[in-house]
>>> print(open('upload-v3.cif').read())   # mmCIF, C-alpha atoms
data_model
#
loop_
_atom_site.label_atom_id
_atom_site.label_comp_id
_atom_site.auth_asym_id
_atom_site.auth_seq_id
_atom_site.Cartn_x
_atom_site.Cartn_y
_atom_site.Cartn_z
CA MET A 1 -28.85 19.31 72.00
CA SER A 2 -27.80 15.87 70.88
CA ILE A 3 -28.83 13.82 67.88
CA ILE A 4 -28.70 10.34 66.37
CA SER A 5 -28.11 10.35 62.60
CA SER A 6 -28.29 7.47 60.13
CA TYR A 7 -26.31 7.65 56.89
CA SER A 8 -25.97 5.82 53.61
CA THR A 9 -22.37 5.68 52.38
CA LYS A 10 -20.47 5.48 49.10
CA ILE A 11 -16.73 4.98 48.63
CA ARG A 12 -15.11 7.30 46.12
CA VAL A 13 -11.32 7.29 46.12
CA ALA A 14 -9.03 9.59 44.13
CA PRO A 15 -9.24 9.03 40.37
CA ARG A 16 -6.83 6.40 39.07
CA ALA A 17 -4.74 9.07 37.34
CA ALA A 18 -4.01 10.61 40.75
CA ARG A 19 -3.19 7.32 42.42
CA GLY A 20 0.59 7.87 42.64
CA VAL A 21 3.16 5.26 43.60
CA GLY A 22 5.23 4.33 46.66
CA SER A 23 5.28 6.94 49.40
CA ARG A 24 3.37 9.30 47.10
CA THR A 25 0.36 6.99 46.87
CA ASP A 26 -2.87 8.91 47.41
CA PRO A 27 -4.24 8.45 50.99
CA THR A 28 -7.59 7.09 49.78
CA TRP A 29 -5.79 4.40 47.73
CA GLN A 30 -3.69 3.57 50.79
CA MET A 31 -6.90 3.22 52.81
CA LEU A 32 -8.47 0.99 50.16
CA HIS A 33 -5.32 -1.16 50.13
CA GLU A 34 -5.39 -1.29 53.94
CA ALA A 35 -9.03 -2.44 53.88
CA VAL A 36 -8.31 -5.11 51.25
CA VAL A 37 -5.29 -6.49 53.16
CA SER A 38 -7.31 -6.54 56.40
CA VAL A 39 -10.20 -8.49 54.83
CA ALA A 40 -7.86 -10.97 53.11
CA ALA A 41 -6.11 -11.67 56.42
CA GLN A 42 -9.43 -12.03 58.23
CA LEU A 43 -10.62 -14.64 55.69
CA ARG A 44 -7.20 -16.38 55.52
CA GLY A 45 -6.93 -15.35 51.89
CA GLU A 46 -4.45 -13.50 49.67
CA VAL A 47 -4.32 -10.16 47.90
CA ARG A 48 -3.62 -10.54 44.19
CA ALA A 49 -4.02 -8.50 41.03
CA GLU A 50 -6.37 -10.77 39.07
CA ILE A 51 -9.48 -12.92 39.42
CA SER A 52 -10.70 -15.86 37.38
CA ASP A 53 -14.13 -16.94 36.17
CA TYR A 54 -15.87 -20.32 35.88
CA ASN A 55 -13.99 -21.06 32.64
CA GLY A 56 -10.62 -20.17 34.12
CA THR A 57 -10.31 -16.92 32.20
CA THR A 58 -8.43 -14.31 34.22
CA LYS A 59 -9.09 -10.59 34.51
CA THR A 60 -6.72 -7.98 35.93
CA CYS A 61 -8.01 -5.70 38.71
CA ASP A 62 -6.60 -2.94 40.92
CA PHE A 63 -6.90 -5.38 43.84
CA ALA A 64 -8.24 -8.92 44.15
CA ILE A 65 -9.05 -11.00 47.23
CA VAL A 66 -8.77 -14.75 46.80
CA THR A 67 -9.90 -16.96 49.69
CA PRO A 68 -10.07 -20.72 50.31
CA GLU A 69 -13.91 -20.50 50.20
CA PHE A 70 -13.92 -18.49 46.96
CA PRO A 71 -10.74 -19.25 44.96
CA ARG A 72 -11.95 -17.39 41.86
CA GLY A 73 -11.70 -14.23 43.91
CA VAL A 74 -13.42 -10.86 44.13
CA GLY A 75 -11.85 -8.08 42.09
CA ILE A 76 -11.88 -4.44 43.15
CA THR A 77 -11.48 -1.83 40.46
CA VAL A 78 -11.54 1.94 40.60
CA SER A 79 -13.19 3.76 37.71
CA PRO A 80 -11.49 6.78 36.13
CA SER A 81 -13.78 8.97 38.27
CA GLY A 82 -12.84 7.18 41.50
CA GLU A 83 -15.89 4.95 41.94
CA VAL A 84 -15.07 1.61 43.59
CA ARG A 85 -16.57 -1.44 41.85
CA PHE A 86 -16.55 -5.12 42.74
CA MET A 87 -16.44 -7.91 40.15
CA TYR A 88 -16.68 -11.67 40.48
CA ASP A 89 -18.13 -14.78 38.88
CA ALA A 90 -20.37 -16.41 41.49
CA TYR A 91 -21.73 -19.11 39.14
CA GLY A 92 -22.08 -22.43 40.97
CA GLY A 93 -23.33 -21.22 44.35
CA TYR A 94 -20.60 -18.76 45.36
CA LYS A 95 -22.83 -15.68 45.67
CA ARG A 96 -22.83 -15.72 49.48
CA HIS A 97 -19.03 -15.98 49.70
CA ALA A 98 -18.50 -13.23 47.12
CA GLN A 99 -21.02 -10.89 48.74
CA ARG A 100 -19.40 -11.43 52.13
CA ILE A 101 -16.04 -10.28 50.76
CA CYS A 102 -17.65 -7.18 49.17
CA ASP A 103 -19.44 -6.31 52.42
CA LEU A 104 -16.30 -6.75 54.52
CA VAL A 105 -14.26 -4.49 52.22
CA THR A 106 -16.98 -1.82 52.35
CA GLN A 107 -17.27 -2.07 56.14
CA SER A 108 -13.50 -2.06 56.60
CA TYR A 109 -12.97 1.00 54.38
CA THR A 110 -15.80 2.84 56.15
CA THR A 111 -14.26 2.02 59.53
CA VAL A 112 -10.80 3.26 58.50
CA ALA A 113 -12.29 6.46 57.03
CA VAL A 114 -14.45 7.22 60.09
CA ALA A 115 -11.57 6.60 62.51
CA ARG A 116 -9.20 8.82 60.51
CA ALA A 117 -11.82 11.56 60.14
CA LEU A 118 -12.56 11.66 63.86
CA ARG A 119 -8.85 11.73 64.71
CA ALA A 120 -8.46 14.62 62.27
CA MET A 121 -11.22 16.39 64.23
CA ALA A 122 -9.11 16.01 67.42
CA TYR A 123 -11.08 13.16 68.98
CA GLU A 124 -9.54 10.19 70.77
CA VAL A 125 -10.76 7.12 68.92
CA ASP A 126 -11.36 3.53 69.97
CA ILE A 127 -12.64 0.74 67.69
CA GLU A 128 -14.70 -2.26 68.83
CA GLU A 129 -16.10 -5.18 66.83
CA HIS A 130 -19.36 -6.92 67.73
CA GLY A 131 -21.24 -9.92 66.36
CA GLN A 132 -20.47 -12.45 63.66
CA GLY A 133 -21.45 -13.00 60.03
CA SER A 134 -24.40 -10.94 58.83
CA GLU A 135 -24.75 -9.41 62.31
CA ARG A 136 -21.16 -8.17 62.40
CA ARG A 137 -20.90 -4.47 63.15
CA VAL A 138 -18.14 -2.12 64.18
CA MET A 139 -18.37 0.64 66.77
CA VAL A 140 -16.03 3.61 66.47
CA ARG A 141 -16.10 5.52 69.76
CA ALA A 142 -14.69 9.05 69.80
CA VAL A 143 -14.22 11.31 72.85
CA GLN A 144 -13.05 14.92 73.09
CA MET B 145 -18.87 16.65 80.33
CA PRO B 146 -16.87 15.16 77.41
CA LYS B 147 -18.18 15.37 73.87
CA ARG B 148 -18.75 11.94 72.36
CA ILE B 149 -19.46 10.64 68.88
CA ASP B 150 -20.25 6.93 68.67
CA VAL B 151 -20.48 5.58 65.13
CA GLN B 152 -21.95 2.14 64.40
CA ILE B 153 -20.86 0.77 61.02
CA ASN B 154 -23.06 -1.98 59.66
CA ARG B 155 -22.05 -4.84 57.38
CA ASP B 156 -23.34 -3.05 54.28
CA GLY B 157 -21.37 0.10 55.13
CA THR B 158 -24.36 2.12 56.33
CA MET B 159 -23.70 3.91 59.59
CA LYS B 160 -25.46 5.42 62.57
CA ALA B 161 -23.80 8.20 64.57
CA GLU B 162 -24.82 9.25 68.07
CA PHE B 163 -23.67 12.69 69.20
CA SER B 164 -23.64 13.24 72.98
CA GLY B 165 -22.59 16.00 75.33
CA PHE B 166 -22.96 18.89 72.88
CA ALA B 167 -24.60 22.16 73.84
CA GLY B 168 -27.19 23.83 71.64
CA ASP B 169 -26.75 23.22 67.93
CA ASP B 170 -23.06 22.26 68.23
CA CYS B 171 -23.88 18.64 67.41
CA ILE B 172 -25.43 19.70 64.09
CA ASP B 173 -22.22 21.57 63.27
CA GLN B 174 -20.11 18.54 64.24
CA ALA B 175 -22.28 16.23 62.13
CA GLU B 176 -21.79 18.49 59.10
CA ARG B 177 -18.05 18.81 59.80
CA LEU B 178 -17.78 15.01 60.03
CA ARG B 179 -19.44 14.68 56.61
CA GLU B 180 -16.96 17.15 55.11
CA VAL B 181 -13.92 15.44 56.61
CA LEU B 182 -15.18 11.99 55.56
CA ALA B 183 -15.52 13.22 51.97
CA GLY B 184 -11.83 14.10 52.10
CA PHE B 185 -11.14 10.52 53.12
CA GLY B 186 -13.08 9.11 50.17
CA LEU B 187 -16.34 8.35 51.95
CA LEU B 188 -19.44 10.17 50.75
CA VAL B 189 -22.21 10.02 53.35
CA GLU B 190 -25.84 11.07 52.97
CA PRO B 191 -28.10 11.48 55.99
CA ALA B 192 -31.02 9.04 55.83
CA ALA B 193 -32.63 10.06 59.12
CA VAL B 194 -31.91 12.45 61.98
CA GLU B 195 -33.47 11.86 65.38
CA ARG B 196 -33.24 14.43 68.15
CA LYS B 197 -32.76 13.03 71.63
CA ASP B 198 -35.51 13.84 74.09
CA PRO B 199 -34.91 16.37 76.93
CA ALA B 200 -34.51 13.61 79.52
CA GLN B 201 -31.69 11.97 77.53
CA ILE B 202 -29.96 15.33 77.03
CA ALA B 203 -30.27 16.25 80.70
CA ALA B 204 -28.77 12.89 81.66
CA GLU B 205 -25.79 13.50 79.33
CA THR B 206 -25.08 17.17 79.98
CA GLY B 207 -26.68 17.85 83.36
CA VAL B 208 -28.45 20.80 81.74
CA GLU B 209 -32.13 20.88 80.94
CA GLU B 210 -32.83 22.45 77.57
CA GLU B 211 -35.86 24.61 76.99
CA VAL B 212 -38.73 22.59 75.65
CA ARG B 213 -40.54 24.36 72.86
CA THR B 214 -44.14 23.51 72.23
CA GLY B 215 -45.80 23.64 68.88
CA GLU B 216 -48.71 25.84 69.99
CA ALA B 217 -49.89 28.24 67.31
CA ARG B 218 -50.09 31.92 68.23
CA PRO B 219 -52.20 34.54 66.44
CA VAL B 220 -50.17 36.92 64.28
CA LYS B 221 -51.17 40.58 64.05
CA GLY B 222 -52.70 41.58 60.75
CA THR B 223 -54.07 38.16 59.93
CA SER B 224 -57.62 37.04 60.29
#
>>> encode(input="upload-v3.cif", output="structure tokens")
Amino acid sequence: MSIISSYSTKIRVAPRAARGVGSRTDPTWQMLHEAVVSVAAQLRGEVRAEISDYNGTTKTCDFAIVTPEFPRGVGITVSPSGEVRFMYDAYGGYKRHAQRICDLVTQSYTTVAVARALRAMAYEVDIEEHGQGSERRVMVRAVQ
Amino acid sequence: MPKRIDVQINRDGTMKAEFSGFAGDDCIDQAERLREVLAGFGLLVEPAAVERKDPAQIAAETGVEEEVRTGEARPVKGTS
């Protein structure tokens, strides 16, 4: 028998207390960092540790992505329980840019997690990207 | 026949996984195993819908025709 399953997803990394440093960094934090770096590069932006709001007030985050289209940046914080949260000030018509960054981080983390999981299950994995903008989707193909 | 899992990841992070080339209920076991392994990688996934492929699709993938069970009701002894 074969099936097609649809899933909703939620990112939950290791709690901040278990994050670790250097080579001892928890794998889920490494994956989140990998996703953030990938999205920043894709949008020709930078990874920083703080965002700013309309008034110029800054706020420190675990990660922040600042891009030419959204210089205030989107902050990514991990709650004590490991829940990943996005924060930004989109006042002035930046909602679309901010949401795009959030979506790309979510999609990128999901892609990294699925590829690693399938490799751990002894599958050979190949990743393809299709479409642009809101139609962008990633295919992870695994064969055993 | 190789076993295949093709996962489509949408912009909002939702995903659709197609399991092909599995015999019997092996694909159900693999789907559950994938959920467990993903949780270890920080991704909690909840099934929103599961669609079984029809016998023609399965036969095309595996070369084996699975028994088709009908939903006909049969009388049970001791009941009226």
>>> resolve_selection(input="upload-v3.cif", expression="the PyMOL selection byres ((chain A) within 6 of (chain B))", output="PyMOL selection string")
chain A and resi 1-13+28+103+106-107+113+117+137-144
>>> atom_distance(input="upload-v3.cif", atom1="atom CA of Ser81 of chain A", atom2="atom CA of Ala14 of chain A")
7.6 Å
>>> residues_around(input="upload-v3.cif", residues="Thr58 of chain A", least_positions_apart="6", cutoff="10 Å", atoms="all atoms listed in the file", output="JSON, numbers by chain")
{"A": [49, 50, 51, 52, 72]}
>>> resolve_selection(input="upload-v3.cif", expression="the PyMOL selection byres ((chain A and resi 40) around 12)", output="NGL selection string")
:A and (33-39 or 41-48 or 63-71 or 73-74 or 100-102 or 104-105 or 108)
>>> atom_distance(input="upload-v3.cif", atom1="atom CA of Pro27 of chain A", atom2="atom CA of His130 of chain A")
27.3 Å
>>> atom_distance(input="upload-v3.cif", atom1="atom CA of Asp89 of chain A", atom2="atom CA of Tyr54 of chain A")
6.7 Å
>>> decode(input="upload-v3.cif", residues="segment 86-99 of chain A", atoms="C-alpha atoms", output="short mmCIF file (atom, residue, chain, number, x, y, z; two decimals), in the first residue's frame")
data_model
loop_
_atom_site.label_atom_id
_atom_site.label_comp_id
_atom_site.auth_asym_id
_atom_site.auth_seq_id
_atom_site.Cartn_x
_atom_site.Cartn_y
_atom_site.Cartn_z
CA PHE A 86 9.32 35.91 15.10
CA MET A 87 9.22 39.62 15.98
CA TYR A 88 9.27 42.72 13.81
CA ASP A 89 7.79 46.19 13.43
CA ALA A 90 6.08 46.27 10.04
CA TYR A 91 4.56 49.76 10.51
CA GLY A 92 4.69 51.73 7.27
CA GLY A 93 3.88 48.99 4.76
CA TYR A 94 6.57 46.40 5.53
CA LYS A 95 4.22 43.53 6.41
CA ARG A 96 4.80 41.68 3.13
CA HIS A 97 8.60 41.88 3.43
CA ALA A 98 8.55 40.77 7.07
CA GLN A 99 6.17 37.88 6.42
#
